[in-house]
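Note: the block below is my_file17.pdb and it holds PDB, C-alpha atoms, pLDDT in the B column.
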MODEL        1
ATOM      1  CA  MET A 224      -9.445 -40.253  44.974  1.00 70.00           C
ATOM      2  CA  GLU A 225      -9.823 -39.292  41.335  1.00 81.00           C
ATOM      3  CA  SER A 226     -12.780 -37.193  40.342  1.00 93.00           C
ATOM      4  CA  GLU A 227     -15.332 -38.441  37.842  1.00 94.00           C
ATOM      5  CA  LEU A 228     -13.915 -36.029  35.282  1.00 95.00           C
ATOM      6  CA  LEU A 229     -10.402 -37.411  35.641  1.00 96.00           C
ATOM      7  CA  ARG A 230     -11.616 -41.000  35.607  1.00 96.00           C
ATOM      8  CA  LYS A 231     -13.342 -40.340  32.295  1.00 96.00           C
ATOM      9  CA  LEU A 232     -10.113 -38.883  30.920  1.00 97.00           C
ATOM     10  CA  GLY A 233      -8.141 -41.879  32.139  1.00 96.00           C
ATOM     11  CA  ASN A 234     -10.630 -44.326  30.687  1.00 96.00           C
ATOM     12  CA  LYS A 235     -10.695 -42.482  27.349  1.00 95.00           C
ATOM     13  CA  LEU A 236     -14.350 -41.563  27.754  1.00 96.00           C
ATOM     14  CA  LEU A 237     -13.287 -37.914  27.581  1.00 97.00           C
ATOM     15  CA  THR A 238     -10.698 -36.597  25.124  1.00 97.00           C
ATOM     16  CA  LYS A 239      -8.035 -34.061  26.024  1.00 97.00           C
ATOM     17  CA  GLN A 240      -9.619 -31.618  23.589  1.00 97.00           C
ATOM     18  CA  ALA A 241     -13.037 -32.033  25.228  1.00 97.00           C
ATOM     19  CA  LEU A 242     -11.518 -31.497  28.666  1.00 97.00           C
ATOM     20  CA  LEU A 243      -9.718 -28.394  27.428  1.00 98.00           C
ATOM     21  CA  GLN A 244     -13.017 -27.003  26.188  1.00 97.00           C
ATOM     22  CA  LYS A 245     -14.643 -27.695  29.544  1.00 97.00           C
ATOM     23  CA  VAL A 246     -11.850 -25.872  31.360  1.00 97.00           C
ATOM     24  CA  ARG A 247     -12.088 -22.913  28.996  1.00 96.00           C
ATOM     25  CA  GLU A 248     -15.796 -22.695  29.707  1.00 96.00           C
ATOM     26  CA  ASN A 249     -15.384 -23.238  33.440  1.00 96.00           C
ATOM     27  CA  PRO A 250     -12.014 -22.065  34.866  1.00 96.00           C
ATOM     28  CA  GLU A 251     -13.049 -23.393  38.282  1.00 97.00           C
ATOM     29  CA  LEU A 252     -12.029 -26.814  36.937  1.00 97.00           C
ATOM     30  CA  ILE A 253      -8.372 -25.751  36.763  1.00 98.00           C
ATOM     31  CA  PRO A 254      -7.431 -26.961  40.289  1.00 97.00           C
ATOM     32  CA  GLU A 255      -9.025 -30.322  39.510  1.00 97.00           C
ATOM     33  CA  VAL A 256      -7.046 -30.661  36.301  1.00 98.00           C
ATOM     34  CA  LEU A 257      -3.903 -29.510  38.067  1.00 98.00           C
ATOM     35  CA  SER A 258      -4.390 -32.255  40.647  1.00 97.00           C
ATOM     36  CA  GLY A 259      -4.561 -34.744  37.798  1.00 97.00           C
ATOM     37  CA  VAL A 260      -0.935 -34.003  36.934  1.00 98.00           C
ATOM     38  CA  SER A 261      -0.010 -35.901  40.111  1.00 96.00           C
ATOM     39  CA  SER A 262      -2.035 -38.971  39.128  1.00 97.00           C
ATOM     40  CA  ALA A 263      -0.354 -42.374  39.151  1.00 96.00           C
ATOM     41  CA  ARG A 264      -2.137 -43.087  35.858  1.00 96.00           C
ATOM     42  CA  ALA A 265      -0.139 -41.904  32.854  1.00 97.00           C
ATOM     43  CA  ALA A 266      -3.227 -41.158  30.745  1.00 97.00           C
ATOM     44  CA  ILE A 267      -4.515 -38.762  33.393  1.00 98.00           C
ATOM     45  CA  ARG A 268      -1.124 -37.328  34.305  1.00 98.00           C
ATOM     46  CA  TYR A 269      -0.074 -36.464  30.770  1.00 98.00           C
ATOM     47  CA  GLY A 270      -3.571 -35.642  29.579  1.00 98.00           C
ATOM     48  CA  CYS A 271      -4.009 -33.012  32.277  1.00 98.00           C
ATOM     49  CA  ALA A 272      -0.548 -31.587  31.672  1.00 98.00           C
ATOM     50  CA  LYS A 273      -1.308 -31.240  27.950  1.00 98.00           C
ATOM     51  CA  VAL A 274      -4.612 -29.482  28.693  1.00 98.00           C
ATOM     52  CA  LEU A 275      -2.862 -27.011  31.001  1.00 98.00           C
ATOM     53  CA  MET A 276      -0.109 -26.417  28.438  1.00 98.00           C
ATOM     54  CA  ASP A 277      -2.659 -25.686  25.723  1.00 98.00           C
ATOM     55  CA  LEU A 278      -4.619 -23.403  28.052  1.00 98.00           C
ATOM     56  CA  SER A 279      -1.461 -21.483  28.947  1.00 98.00           C
ATOM     57  CA  GLU A 280      -0.963 -20.522  25.315  1.00 97.00           C
ATOM     58  CA  ASP A 281      -4.115 -18.430  24.993  1.00 95.00           C
ATOM     59  CA  GLN A 282      -5.288 -17.868  28.580  1.00 97.00           C
ATOM     60  CA  PRO A 283      -2.125 -17.506  30.682  1.00 98.00           C
ATOM     61  CA  ASP A 284      -3.860 -15.148  33.090  1.00 97.00           C
ATOM     62  CA  ARG A 285      -6.115 -17.986  34.254  1.00 97.00           C
ATOM     63  CA  LEU A 286      -3.146 -20.142  35.213  1.00 98.00           C
ATOM     64  CA  TYR A 287      -0.821 -17.522  36.618  1.00 98.00           C
ATOM     65  CA  ARG A 288      -1.898 -17.969  40.241  1.00 97.00           C
ATOM     66  CA  HIS A 289      -0.702 -21.570  39.935  1.00 98.00           C
ATOM     67  CA  MET A 290       2.757 -20.540  38.696  1.00 98.00           C
ATOM     68  CA  ASP A 291       4.476 -22.038  41.753  1.00 97.00           C
ATOM     69  CA  SER A 292       2.920 -25.423  40.984  1.00 97.00           C
ATOM     70  CA  PHE A 293       4.390 -25.343  37.486  1.00 98.00           C
ATOM     71  CA  THR A 294       7.843 -24.317  38.656  1.00 98.00           C
ATOM     72  CA  ALA A 295       7.691 -27.207  41.151  1.00 98.00           C
ATOM     73  CA  LEU A 296       7.105 -29.540  38.215  1.00 98.00           C
ATOM     74  CA  LEU A 297      10.610 -28.751  36.992  1.00 98.00           C
ATOM     75  CA  ASP A 298      11.687 -31.253  39.647  1.00 98.00           C
ATOM     76  CA  SER A 299       9.386 -34.003  38.375  1.00 98.00           C
ATOM     77  CA  LYS A 300      10.846 -37.448  37.797  1.00 97.00           C
ATOM     78  CA  TYR A 301       8.821 -37.574  34.594  1.00 98.00           C
ATOM     79  CA  ARG A 302      10.644 -35.822  31.740  1.00 98.00           C
ATOM     80  CA  ILE A 303       7.420 -35.193  29.818  1.00 98.00           C
ATOM     81  CA  LEU A 304       6.022 -33.237  32.776  1.00 98.00           C
ATOM     82  CA  VAL A 305       9.236 -31.229  32.937  1.00 98.00           C
ATOM     83  CA  TRP A 306       8.856 -30.386  29.246  1.00 98.00           C
ATOM     84  CA  ASN A 307       5.207 -29.431  29.762  1.00 98.00           C
ATOM     85  CA  ALA A 308       6.155 -27.265  32.729  1.00 98.00           C
ATOM     86  CA  MET A 309       8.841 -25.497  30.700  1.00 98.00           C
ATOM     87  CA  ALA A 310       6.321 -24.606  28.010  1.00 98.00           C
ATOM     88  CA  ILE A 311       3.706 -23.442  30.513  1.00 98.00           C
ATOM     89  CA  ILE A 312       6.194 -21.292  32.426  1.00 98.00           C
ATOM     90  CA  ALA A 313       7.333 -19.673  29.177  1.00 98.00           C
ATOM     91  CA  ASN A 314       3.716 -18.929  28.250  1.00 98.00           C
ATOM     92  CA  LEU A 315       3.041 -17.433  31.673  1.00 98.00           C
ATOM     93  CA  ALA A 316       6.058 -15.123  31.364  1.00 98.00           C
ATOM     94  CA  ARG A 317       3.965 -12.511  29.590  1.00 97.00           C
ATOM     95  CA  VAL A 318       1.637 -12.142  32.586  1.00 98.00           C
ATOM     96  CA  ASP A 319       4.322 -12.568  35.233  1.00 98.00           C
ATOM     97  CA  GLN A 320       3.875  -9.239  36.987  1.00 97.00           C
ATOM     98  CA  ASP A 321       5.479 -10.587  40.175  1.00 97.00           C
ATOM     99  CA  ARG A 322       8.596 -11.732  38.318  1.00 98.00           C
ATOM    100  CA  LYS A 323       8.259 -15.277  39.586  1.00 98.00           C
ATOM    101  CA  PHE A 324      10.142 -16.569  36.565  1.00 98.00           C
ATOM    102  CA  ASP A 325      13.146 -14.483  37.504  1.00 98.00           C
ATOM    103  CA  ARG A 326      13.504 -16.483  40.711  1.00 97.00           C
ATOM    104  CA  VAL A 327      13.773 -19.760  38.791  1.00 98.00           C
ATOM    105  CA  PHE A 328      15.834 -18.405  35.878  1.00 98.00           C
ATOM    106  CA  ALA A 329      19.000 -20.267  36.920  1.00 98.00           C
ATOM    107  CA  LYS A 330      17.083 -23.508  37.409  1.00 98.00           C
ATOM    108  CA  TYR A 331      15.296 -23.157  34.070  1.00 98.00           C
ATOM    109  CA  TYR A 332      18.461 -22.493  32.093  1.00 98.00           C
ATOM    110  CA  GLY A 333      20.341 -25.079  34.099  1.00 98.00           C
ATOM    111  CA  PHE A 334      18.500 -27.607  31.949  1.00 98.00           C
ATOM    112  CA  LEU A 335      20.820 -26.655  29.097  1.00 98.00           C
ATOM    113  CA  ASN A 336      23.185 -29.101  30.793  1.00 97.00           C
ATOM    114  CA  ASP A 337      20.643 -31.918  30.764  1.00 97.00           C
ATOM    115  CA  PRO A 338      21.818 -35.166  29.106  1.00 97.00           C
ATOM    116  CA  TYR A 339      18.653 -35.424  26.979  1.00 98.00           C
ATOM    117  CA  MET A 340      18.399 -33.537  23.710  1.00 98.00           C
ATOM    118  CA  VAL A 341      14.650 -32.935  23.999  1.00 98.00           C
ATOM    119  CA  THR A 342      15.056 -31.237  27.367  1.00 98.00           C
ATOM    120  CA  VAL A 343      17.789 -28.920  26.076  1.00 98.00           C
ATOM    121  CA  ALA A 344      15.780 -28.222  22.936  1.00 98.00           C
ATOM    122  CA  ASN A 345      12.781 -27.235  25.055  1.00 98.00           C
ATOM    123  CA  VAL A 346      14.838 -24.632  26.902  1.00 98.00           C
ATOM    124  CA  VAL A 347      16.053 -23.164  23.630  1.00 98.00           C
ATOM    125  CA  GLY A 348      12.650 -23.398  21.983  1.00 97.00           C
ATOM    126  CA  ASN A 349      10.900 -21.487  24.761  1.00 98.00           C
ATOM    127  CA  SER A 350      13.505 -18.747  25.017  1.00 98.00           C
ATOM    128  CA  ALA A 351      12.089 -16.404  22.393  1.00 97.00           C
ATOM    129  CA  LYS A 352       8.744 -16.247  24.221  1.00 97.00           C
ATOM    130  CA  ILE A 353      10.485 -15.410  27.465  1.00 98.00           C
ATOM    131  CA  ALA A 354      12.781 -12.851  25.854  1.00 98.00           C
ATOM    132  CA  LEU A 355       9.888 -11.042  24.163  1.00 97.00           C
ATOM    133  CA  ALA A 356       7.842 -11.085  27.374  1.00 98.00           C
ATOM    134  CA  LYS A 357      10.751  -9.919  29.548  1.00 98.00           C
ATOM    135  CA  PRO A 358      13.043  -7.621  27.535  1.00 97.00           C
ATOM    136  CA  TYR A 359      15.161  -6.903  30.617  1.00 97.00           C
ATOM    137  CA  LEU A 360      16.249 -10.568  30.577  1.00 98.00           C
ATOM    138  CA  VAL A 361      17.298 -10.605  26.930  1.00 98.00           C
ATOM    139  CA  GLN A 362      21.014 -10.348  27.623  1.00 97.00           C
ATOM    140  CA  LYS A 363      20.922 -13.027  30.318  1.00 98.00           C
ATOM    141  CA  ILE A 364      19.007 -15.314  27.967  1.00 98.00           C
ATOM    142  CA  THR A 365      21.487 -14.575  25.185  1.00 98.00           C
ATOM    143  CA  ASP A 366      24.393 -15.437  27.468  1.00 98.00           C
ATOM    144  CA  GLU A 367      22.777 -18.782  28.268  1.00 98.00           C
ATOM    145  CA  LEU A 368      21.947 -19.699  24.684  1.00 98.00           C
ATOM    146  CA  LEU A 369      25.476 -18.938  23.551  1.00 98.00           C
ATOM    147  CA  LYS A 370      26.577 -21.844  25.746  1.00 96.00           C
ATOM    148  CA  VAL A 371      24.905 -24.473  23.564  1.00 96.00           C
ATOM    149  CA  GLU A 372      28.082 -24.909  21.520  1.00 91.00           C
ATOM    150  CA  ASN A 373      29.845 -26.173  24.610  1.00 93.00           C
ATOM    151  CA  ILE A 374      27.323 -28.584  26.086  1.00 95.00           C
ATOM    152  CA  SER A 375      28.592 -32.108  26.603  1.00 95.00           C
ATOM    153  CA  THR A 376      27.555 -34.934  24.336  1.00 97.00           C
ATOM    154  CA  THR A 377      25.817 -37.966  25.832  1.00 97.00           C
ATOM    155  CA  PRO A 378      24.170 -41.124  24.471  1.00 97.00           C
ATOM    156  CA  HIS A 379      20.978 -39.040  24.255  1.00 97.00           C
ATOM    157  CA  LEU A 380      22.637 -35.868  22.945  1.00 98.00           C
ATOM    158  CA  THR A 381      25.047 -36.524  20.103  1.00 97.00           C
ATOM    159  CA  ALA A 382      27.249 -34.115  18.168  1.00 97.00           C
ATOM    160  CA  GLU A 383      24.537 -33.940  15.506  1.00 97.00           C
ATOM    161  CA  CYS A 384      21.975 -33.171  18.224  1.00 98.00           C
ATOM    162  CA  LYS A 385      24.192 -30.269  19.281  1.00 97.00           C
ATOM    163  CA  ARG A 386      24.129 -28.956  15.734  1.00 97.00           C
ATOM    164  CA  VAL A 387      20.325 -29.162  15.703  1.00 97.00           C
ATOM    165  CA  ILE A 388      20.170 -27.265  18.991  1.00 98.00           C
ATOM    166  CA  THR A 389      22.657 -24.678  17.707  1.00 98.00           C
ATOM    167  CA  GLU A 390      20.454 -24.163  14.663  1.00 98.00           C
ATOM    168  CA  LYS A 391      17.391 -23.644  16.878  1.00 97.00           C
ATOM    169  CA  ALA A 392      19.296 -21.154  19.041  1.00 98.00           C
ATOM    170  CA  MET A 393      20.192 -19.233  15.904  1.00 97.00           C
ATOM    171  CA  GLU A 394      16.558 -19.285  14.807  1.00 97.00           C
ATOM    172  CA  TYR A 395      15.438 -17.721  18.081  1.00 96.00           C
ATOM    173  CA  PHE A 396      18.272 -15.199  18.199  1.00 97.00           C
ATOM    174  CA  ASP A 397      16.813 -13.954  14.928  1.00 96.00           C
ATOM    175  CA  VAL A 398      13.495 -13.276  16.701  1.00 96.00           C
ATOM    176  CA  PHE A 399      14.924 -10.897  19.285  1.00 97.00           C
ATOM    177  CA  PHE A 400      18.305  -9.920  17.812  1.00 97.00           C
ATOM    178  CA  ASN A 401      17.395  -6.233  17.672  1.00 95.00           C
ATOM    179  CA  ARG A 402      17.036  -6.295  21.479  1.00 96.00           C
ATOM    180  CA  ILE A 403      20.412  -7.905  22.138  1.00 97.00           C
ATOM    181  CA  GLU A 404      23.167  -5.638  23.415  1.00 94.00           C
ATOM    182  CA  ALA A 405      26.168  -7.892  22.742  1.00 91.00           C
ATOM    183  CA  LYS A 406      25.332  -8.407  19.087  1.00 96.00           C
ATOM    184  CA  ASP A 407      28.979  -9.044  18.225  1.00 96.00           C
ATOM    185  CA  ARG A 408      29.022 -12.185  20.400  1.00 97.00           C
ATOM    186  CA  VAL A 409      25.998 -13.586  18.585  1.00 98.00           C
ATOM    187  CA  ILE A 410      27.482 -12.743  15.191  1.00 97.00           C
ATOM    188  CA  SER A 411      30.684 -14.571  16.187  1.00 97.00           C
ATOM    189  CA  PHE A 412      28.592 -17.558  17.304  1.00 98.00           C
ATOM    190  CA  VAL A 413      26.873 -17.635  13.915  1.00 98.00           C
ATOM    191  CA  ARG A 414      30.124 -17.255  11.988  1.00 97.00           C
ATOM    192  CA  ARG A 415      31.576 -20.273  13.753  1.00 97.00           C
ATOM    193  CA  ASN A 416      28.773 -22.339  12.264  1.00 96.00           C
ATOM    194  CA  LYS A 417      28.654 -20.959   8.738  1.00 96.00           C
ATOM    195  CA  ASN A 418      30.573 -23.969   7.397  1.00 96.00           C
ATOM    196  CA  SER A 419      28.730 -26.571   9.449  1.00 97.00           C
ATOM    197  CA  SER A 420      28.438 -30.117   8.151  1.00 96.00           C
ATOM    198  CA  ARG A 421      24.689 -29.815   8.818  1.00 97.00           C
ATOM    199  CA  LYS A 422      23.297 -28.275   5.643  1.00 97.00           C
ATOM    200  CA  SER A 423      20.318 -26.531   7.250  1.00 98.00           C
ATOM    201  CA  LEU A 424      22.528 -25.018   9.959  1.00 98.00           C
ATOM    202  CA  LYS A 425      24.981 -23.789   7.336  1.00 97.00           C
ATOM    203  CA  THR A 426      22.124 -22.221   5.392  1.00 98.00           C
ATOM    204  CA  ARG A 427      20.598 -20.596   8.463  1.00 97.00           C
ATOM    205  CA  ALA A 428      23.972 -19.171   9.479  1.00 97.00           C
ATOM    206  CA  GLY A 429      24.462 -17.688   6.027  1.00 97.00           C
ATOM    207  CA  ASP A 430      20.989 -16.154   6.007  1.00 97.00           C
ATOM    208  CA  PHE A 431      21.464 -14.783   9.524  1.00 97.00           C
ATOM    209  CA  LEU A 432      24.747 -13.088   8.599  1.00 97.00           C
ATOM    210  CA  LYS A 433      23.245 -11.553   5.469  1.00 96.00           C
ATOM    211  CA  LYS A 434      20.426 -10.115   7.563  1.00 96.00           C
ATOM    212  CA  TRP A 435      22.266  -8.955  10.679  1.00 96.00           C
ATOM    213  CA  GLN A 436      26.012  -8.752  10.105  1.00 89.00           C
ATOM    214  CA  ALA A 437      25.970  -5.051   9.310  1.00 75.00           C
ATOM    215  CA  CYS A 438      23.944  -4.168  12.412  1.00 64.00           C
TER     216      CYS A 438
ENDMDL
END

This structure in structure tokens:
Amino acid sequence: MESELLRKLGNKLLTKQALLQKVRENPELIPEVLSGVSSARAAIRYGCAKVLMDLSEDQPDRLYRHMDSFTALLDSKYRILVWNAMAIIANLARVDQDRKFDRVFAKYYGFLNDPYMVTVANVVGNSAKIALAKPYLVQKITDELLKVENISTTPHLTAECKRVITEKAMEYFDVFFNRIEAKDRVISFVRRNKNSSRKSLKTRAGDFLKKWQAC
């Protein structure tokens, strides 16, 4: 049965922002909100997931003991929950003293082969947070992101989508480039895109090379 709190959320008598504030004031509500992610009602399911994602950004320590629940969500049939879980896991990386993320690294980066652009983009978009939180994984993360040029196109991931994803990968390489060992591989990746038909990608590649090529 749904709690009164979750019913209010589902019936729009309680906003996601108000629920987030309640959870910040009373962390004992976290298990209740986490249970809401399994609700059959979309408003509750996605509302609770959004609250937990927002909480993970500034209070990851309060959610860390539930890390296994979030990694389990990577198997959800609901893509939005998978995206939420990806963001939460990336935010928890900075408090992951037990290296729980390391055990799901292959699964997490396996989503680079997903047929949906948004899923692939979420992997790329969360990578800088993970790399900065776990410097010892920087090279493994780099190796994975360099694969985005070779992902297969699908009806939901076109050639132009690939260029967008490549541009985002380049953006995040810029964040942790000074920690990358195989800098030459990244430079080669950027050079291959310096004449891209996508104007913003071409510009980013040029700026990246001006900044890092001599390193």

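Residues lying within 12 Å of Asp430 (chain A), counting only C-alpha atoms and ignoring same-chain neighbours fewer than 4 positions away, are A:Glu390, A:Met393, A:Glu394, A:Asp397, A:Ile410, A:Val413, A:Arg414, A:Asn416, A:Lys417, A:Ser423, A:Leu424, A:Lys425, A:Thr426, A:Lys434, A:Trp435, A:Gln436.
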
Quick one: everything within 12 Å of Lys231 (chain A), counting only C-alpha atoms, minus sequence neighbours fewer than 5 positions away in the same chain. Send it as a PyMOL selection string. chain A and resi 225-226+236-239+241-242+259+266-267+270-271

Output of the above residues as a compact mmCIF listing (two decimals), keeping the file's coordinate frame, restricted to C-alpha atoms:
# COMPACT_ATOMS: atom_id res chain seq x y z
CA GLU A 225 -9.82 -39.29 41.34
CA SER A 226 -12.78 -37.19 40.34
CA LEU A 236 -14.35 -41.56 27.75
CA LEU A 237 -13.29 -37.91 27.58
CA THR A 238 -10.70 -36.60 25.12
CA LYS A 239 -8.04 -34.06 26.02
CA ALA A 241 -13.04 -32.03 25.23
CA LEU A 242 -11.52 -31.50 28.67
CA GLY A 259 -4.56 -34.74 37.80
CA ALA A 266 -3.23 -41.16 30.74
CA ILE A 267 -4.51 -38.76 33.39
CA GLY A 270 -3.57 -35.64 29.58
CA CYS A 271 -4.01 -33.01 32.28

Would you kindly translate the PyMOL selection byres ((chain A and resi 292) around 12) into the concrete residues it picks from this file, as a PyMOL selection string? chain A and resi 254+257-258+260-261+272+275+286-291+293-299+304-305+308-309+311-312+323

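Compared by their closest atoms to Gly429 (chain A), and using all atoms listed in the file, the residues A:Thr377, A:Glu383, A:Gly333, A:Arg415 rank with A:Arg415 nearest.
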
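Closest approach to Ser262 (chain A) among A:Phe399, A:Phe431, A:Tyr331, A:Tyr301: A:Tyr301, based on only C-alpha atoms.
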
Starting from the shown file, work through the PyMOL selection byres ((chain A and resi 348) around 12) and note down what comes out as a PDB file with C-alpha atoms, in the frame of the given file.
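File part-v7.pdb, as written:
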ATOM      1  CA  TRP A 306       8.856 -30.386  29.246  1.00 98.00           C
ATOM      2  CA  MET A 309       8.841 -25.497  30.700  1.00 98.00           C
ATOM      3  CA  ALA A 310       6.321 -24.606  28.010  1.00 98.00           C
ATOM      4  CA  ALA A 313       7.333 -19.673  29.177  1.00 98.00           C
ATOM      5  CA  ASN A 314       3.716 -18.929  28.250  1.00 98.00           C
ATOM      6  CA  TYR A 332      18.461 -22.493  32.093  1.00 98.00           C
ATOM      7  CA  LEU A 335      20.820 -26.655  29.097  1.00 98.00           C
ATOM      8  CA  MET A 340      18.399 -33.537  23.710  1.00 98.00           C
ATOM      9  CA  VAL A 341      14.650 -32.935  23.999  1.00 98.00           C
ATOM     10  CA  THR A 342      15.056 -31.237  27.367  1.00 98.00           C
ATOM     11  CA  VAL A 343      17.789 -28.920  26.076  1.00 98.00           C
ATOM     12  CA  ALA A 344      15.780 -28.222  22.936  1.00 98.00           C
ATOM     13  CA  ASN A 345      12.781 -27.235  25.055  1.00 98.00           C
ATOM     14  CA  VAL A 346      14.838 -24.632  26.902  1.00 98.00           C
ATOM     15  CA  VAL A 347      16.053 -23.164  23.630  1.00 98.00           C
ATOM     16  CA  ASN A 349      10.900 -21.487  24.761  1.00 98.00           C
ATOM     17  CA  SER A 350      13.505 -18.747  25.017  1.00 98.00           C
ATOM     18  CA  ALA A 351      12.089 -16.404  22.393  1.00 97.00           C
ATOM     19  CA  LYS A 352       8.744 -16.247  24.221  1.00 97.00           C
ATOM     20  CA  ILE A 353      10.485 -15.410  27.465  1.00 98.00           C
ATOM     21  CA  ALA A 354      12.781 -12.851  25.854  1.00 98.00           C
ATOM     22  CA  ILE A 364      19.007 -15.314  27.967  1.00 98.00           C
ATOM     23  CA  LEU A 368      21.947 -19.699  24.684  1.00 98.00           C
ATOM     24  CA  VAL A 387      20.325 -29.162  15.703  1.00 97.00           C
ATOM     25  CA  ILE A 388      20.170 -27.265  18.991  1.00 98.00           C
ATOM     26  CA  THR A 389      22.657 -24.678  17.707  1.00 98.00           C
ATOM     27  CA  GLU A 390      20.454 -24.163  14.663  1.00 98.00           C
ATOM     28  CA  LYS A 391      17.391 -23.644  16.878  1.00 97.00           C
ATOM     29  CA  ALA A 392      19.296 -21.154  19.041  1.00 98.00           C
ATOM     30  CA  MET A 393      20.192 -19.233  15.904  1.00 97.00           C
ATOM     31  CA  GLU A 394      16.558 -19.285  14.807  1.00 97.00           C
ATOM     32  CA  TYR A 395      15.438 -17.721  18.081  1.00 96.00           C
ATOM     33  CA  PHE A 396      18.272 -15.199  18.199  1.00 97.00           C
ATOM     34  CA  VAL A 398      13.495 -13.276  16.701  1.00 96.00           C
TER      35      VAL A 398
END

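The coordinates place CA of Arg302 (chain A) at 24.8 Å from CA of Leu228 (chain A).
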
So which one's closest to Phe328 (chain A), A:Asp277, A:Glu255, A:Asp407, A:Glu367? Using all atoms listed in the file, please. A:Glu367

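Considering all atoms listed in the file, the residue among A:Gln362, A:Asn336, A:Asn373, A:Ser279 positioned nearest to Arg317 (chain A) is A:Ser279.
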
Can you work out which one of A:Phe400, A:Arg386, A:Asn234, A:Asp321 has the shortest atom-to-atom distance to Val371 (chain A), counting all atoms listed in the file? A:Arg386

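Nearest-residue note for Asp319 (chain A): choosing from A:Val274, A:Ile303, A:Leu232, A:Ala356, the minimum distance belongs to A:Ala356, counting only C-alpha atoms.
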
If I take CA of Leu380 (chain A) and CA of Tyr339 (chain A), how far is one from the other in Å, to one decimal? 5.7 Å

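Going from CA of Pro283 (chain A) over to CA of Pro250 (chain A), you cover 11.7 Å.
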
Any chance you could resolve the PyMOL selection byres ((chain A and resi 405) around 12) against this file and give the residues as a PyMOL selection string? chain A and resi 361-366+369+396+400-404+406-412+438

Subset file: region 312-327 of chain A, C-alpha atoms, as a PDB file, in the first residue's frame:
ATOM      1  CA  ILE A 312      25.187   6.486  -9.224  1.00  0.00           C
ATOM      2  CA  ALA A 313      27.507   9.097 -10.731  1.00  0.00           C
ATOM      3  CA  ASN A 314      26.714  11.488  -7.877  1.00  0.00           C
ATOM      4  CA  LEU A 315      27.358   8.779  -5.296  1.00  0.00           C
ATOM      5  CA  ALA A 316      30.766   8.004  -6.820  1.00  0.00           C
ATOM      6  CA  ARG A 317      32.400  10.687  -4.703  1.00  0.00           C
ATOM      7  CA  VAL A 318      31.371   8.956  -1.467  1.00  0.00           C
ATOM      8  CA  ASP A 319      31.844   5.413  -2.741  1.00  0.00           C
ATOM      9  CA  GLN A 320      34.421   4.274  -0.206  1.00  0.00           C
ATOM     10  CA  ASP A 321      33.538   0.611  -0.803  1.00  0.00           C
ATOM     11  CA  ARG A 322      34.082   0.921  -4.556  1.00  0.00           C
ATOM     12  CA  LYS A 323      30.620  -0.377  -5.340  1.00  0.00           C
ATOM     13  CA  PHE A 324      30.635   1.485  -8.637  1.00  0.00           C
ATOM     14  CA  ASP A 325      33.691  -0.435  -9.746  1.00  0.00           C
ATOM     15  CA  ARG A 326      31.684  -3.656  -9.624  1.00  0.00           C
ATOM     16  CA  VAL A 327      29.096  -2.288 -12.060  1.00  0.00           C
TER      17      VAL A 327
END
